[in-house]
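Notes for the one structure printed next.
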Amino acid sequence: MFAADKLSKRYLYGDEALTDVSFSLNEGEQAAFLGACAAGKTTLFKIIAGITAPDSGSVYIDNRDVTALIPKRRGVRMVFEDEGFFGRRSVGYNLKLPLKIRKYTGSETAERVRYAADRYSLSALKDEFVFRLSDADRIRMCLARLALCSEPLTLIDNVFSCMTGKERADLFSQLLPYIKADVSTALFATDSVSEAFSFSDKIFFLDNGRIKESGSPRHYVSDPQSLAADRYVNRERNFAIYPVQNDGETVFEAEGKTFFVDTESEYVIASYNAVPDECGKPASKPVRLYNDLGVTYYRTEDGVNIVSDAMPSAYRIDFSSMRVFDLITENRLTFAIGK
């Protein structure tokens with residue numbers, strides 16, 4: 001079993017990279033860490049691997065406290081976001097190096113390198129210098145180390161980040177079965193929602209150095225409990241800020257309806273879907289809109305952004321889809337719609 005207990009890390013210039021991060025993973029379990037750039041994913045993985053020391057907290061692997069152990073005594077392997085290869089050496093040299101460090105024999109090393117290169121489509125590139133490889137081939141080489149040898153815990157840190165769009169999605173889909181088969185207990189860090197959802201049903205959402213929540217893909221789509229997770233995962237939803245009135249009861253008003261909420265904040269943020277209003281006759285055909293700080297933006301089918309101080313007449317709020325969050329805590333609030 002693996003566990004992190006209240007890990008915190010503050011940089012010298014004062015920013016908190018991690019704050020009281022705690023979670024656990026059973027043997028053989030694979031989980032994803034989802035979050036934007038600078039959310040704290042790499043710092044967390046470096047602490048688990050022993051590359052960086054935490055300011056406080058502990059790391060447990062196989063039920064033993066490894067917080068003070070050097071990296072090679074932890075039983076952790078980490079595939080870095082920035083690869084960690086020798087660019088002026090060949091692909092074959094870089095694949096052999098981890099086995100050489102572990103004192104494998106020459107015949108064992110040759111066989112394992114051959115197997116890993118074949119598995120990740122690198123056989124024709126074993127003599128090629130790393131700096132000459134394409135982004136996709138560097139990612140393949142990075143992940144080929146997973147097929148060389150095993151460790152109790154594997155950390156894969158956002159290795160697909162150098163690619164974007166369809167090429168990234170296609171490469172991830174192609175390599176995912178090999179990745180999952182070549183690891184046992186594993187943590188996979190990514191800034192891609194689709195990659196996190198595909199890798200595991202156990203997803204930790206990391207935001208500004210804190211785990212905001214954890215759950216399955218269905219949880220994040222239909223029932224997120226934090227504003228940060230809802231914004232990050234459900235980017236096609238609309239987000240609007242509303243002032244809260246307190247006249248004995250705390251309420252806010254949206255599109256002619258009154259909502260009762262329990263909050264001490266002066267504002268709440270509502271998340272909702274917008275649906276076509278049959279009575280509306282749009283001049284253009286908006287296909288997406290969102291509202292922020294009283295200004296509504298929507299994108300037409302021809303890609304033009306329209307800015308308005310009100311929702312386009314062709315659309316209305318789908319109140320059945322509404323979720324409400326406290327502006328200060330960003331936690332989900334319960335609410336009731338008034339008559």
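Ordering of the structure tokens sets the chain letters (A, B, ...), residue numbers begin anew at 1 in every chain, and ligands are numbered from 1 in the order given.
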I'd like the contact shell of range 178-190 of chain A - 6 Å cut-off, only C-alpha atoms, skipping same-chain residues fewer than 6 positions apart - returned as a PyMOL selection string.
chain A and resi 27-34+146-147+153-158
Any chance you could export the current selection's N, CA and C atoms as a CSV table (one decimal), in the first residue's frame?
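And here is the file that came out, selection20.csv:
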chain,number,residue,atom,x,y,z
A,27,GLU,N,-2.2,-1.6,-3.4
A,27,GLU,CA,-1.3,-2.4,-4.3
A,27,GLU,C,-2.0,-2.8,-5.6
A,28,GLY,N,-1.4,-2.5,-6.7
A,28,GLY,CA,-2.0,-2.9,-8.0
A,28,GLY,C,-3.0,-1.8,-8.5
A,29,GLU,N,-3.2,-0.8,-7.7
A,29,GLU,CA,-4.2,0.3,-8.2
A,29,GLU,C,-3.5,1.3,-9.0
A,30,GLN,N,-4.2,1.9,-10.0
A,30,GLN,CA,-3.7,2.9,-10.8
A,30,GLN,C,-4.6,4.1,-10.7
A,31,ALA,N,-4.0,5.3,-10.5
A,31,ALA,CA,-4.8,6.5,-10.3
A,31,ALA,C,-4.2,7.7,-11.1
A,32,ALA,N,-5.0,8.7,-11.4
A,32,ALA,CA,-4.6,9.8,-12.2
A,32,ALA,C,-4.6,11.1,-11.4
A,33,PHE,N,-3.7,11.9,-11.5
A,33,PHE,CA,-3.7,13.3,-11.0
A,33,PHE,C,-3.9,14.3,-12.1
A,34,LEU,N,-5.0,15.0,-12.0
A,34,LEU,CA,-5.4,15.9,-13.0
A,34,LEU,C,-5.2,17.4,-12.5
A,146,LEU,N,9.4,1.9,-19.1
A,146,LEU,CA,8.4,1.1,-18.3
A,146,LEU,C,8.5,-0.4,-18.5
A,147,ALA,N,9.0,-0.8,-19.7
A,147,ALA,CA,9.1,-2.2,-20.1
A,147,ALA,C,10.4,-2.8,-19.8
A,153,LEU,N,6.2,1.1,-7.2
A,153,LEU,CA,5.4,2.2,-7.5
A,153,LEU,C,6.0,3.0,-8.7
A,154,THR,N,5.1,3.3,-9.7
A,154,THR,CA,5.5,4.0,-10.9
A,154,THR,C,4.9,5.4,-10.9
A,155,LEU,N,5.6,6.4,-11.2
A,155,LEU,CA,5.1,7.8,-11.4
A,155,LEU,C,5.3,8.2,-12.8
A,156,ILE,N,4.3,8.6,-13.5
A,156,ILE,CA,4.4,9.1,-14.9
A,156,ILE,C,3.9,10.5,-14.9
A,157,ASP,N,4.8,11.4,-15.2
A,157,ASP,CA,4.6,12.9,-15.0
A,157,ASP,C,4.3,13.6,-16.3
A,158,ASN,N,3.1,13.7,-16.8
A,158,ASN,CA,2.7,14.6,-17.9
A,158,ASN,C,3.6,14.4,-19.1
Considering only C-alpha atoms, return as a count of residues only whatever protein or nucleic-acid residues lie within 12 Å of Asp118 in chain A, sequence-local ones (same chain, fewer than 2 positions apart) excluded.
20
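Across A:Cys149, A:Val66, A:Val244, A:Cys142, the tightest approach to Thr109 in chain A is made by A:Cys149 when counting only C-alpha atoms.
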Expressed in Å, the length from CA of Thr67 in chain A to CA of Phe23 in chain A is 15.1 Å
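Among the candidates A:Ala270, A:Leu206, A:Val130, A:Met78, the residue lying nearest to Thr334 in chain A is A:Ala270 (atoms considered: only C-alpha atoms).
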Pick from A:Gly106, A:Ser150, A:Ile337, A:Leu171: nearest to Arg138 in chain A, with only C-alpha atoms counted?
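Using only C-alpha atoms, the shortest distance to Arg138 in chain A belongs to A:Leu171.
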Just the alpha helix (DSSP H) stuff from range 89-329 of chain A, please, per backbone DSSP, written as a ChimeraX atom specification.
/A:91-101,106-119,135-144,165-182,193-199,217-222,227-233
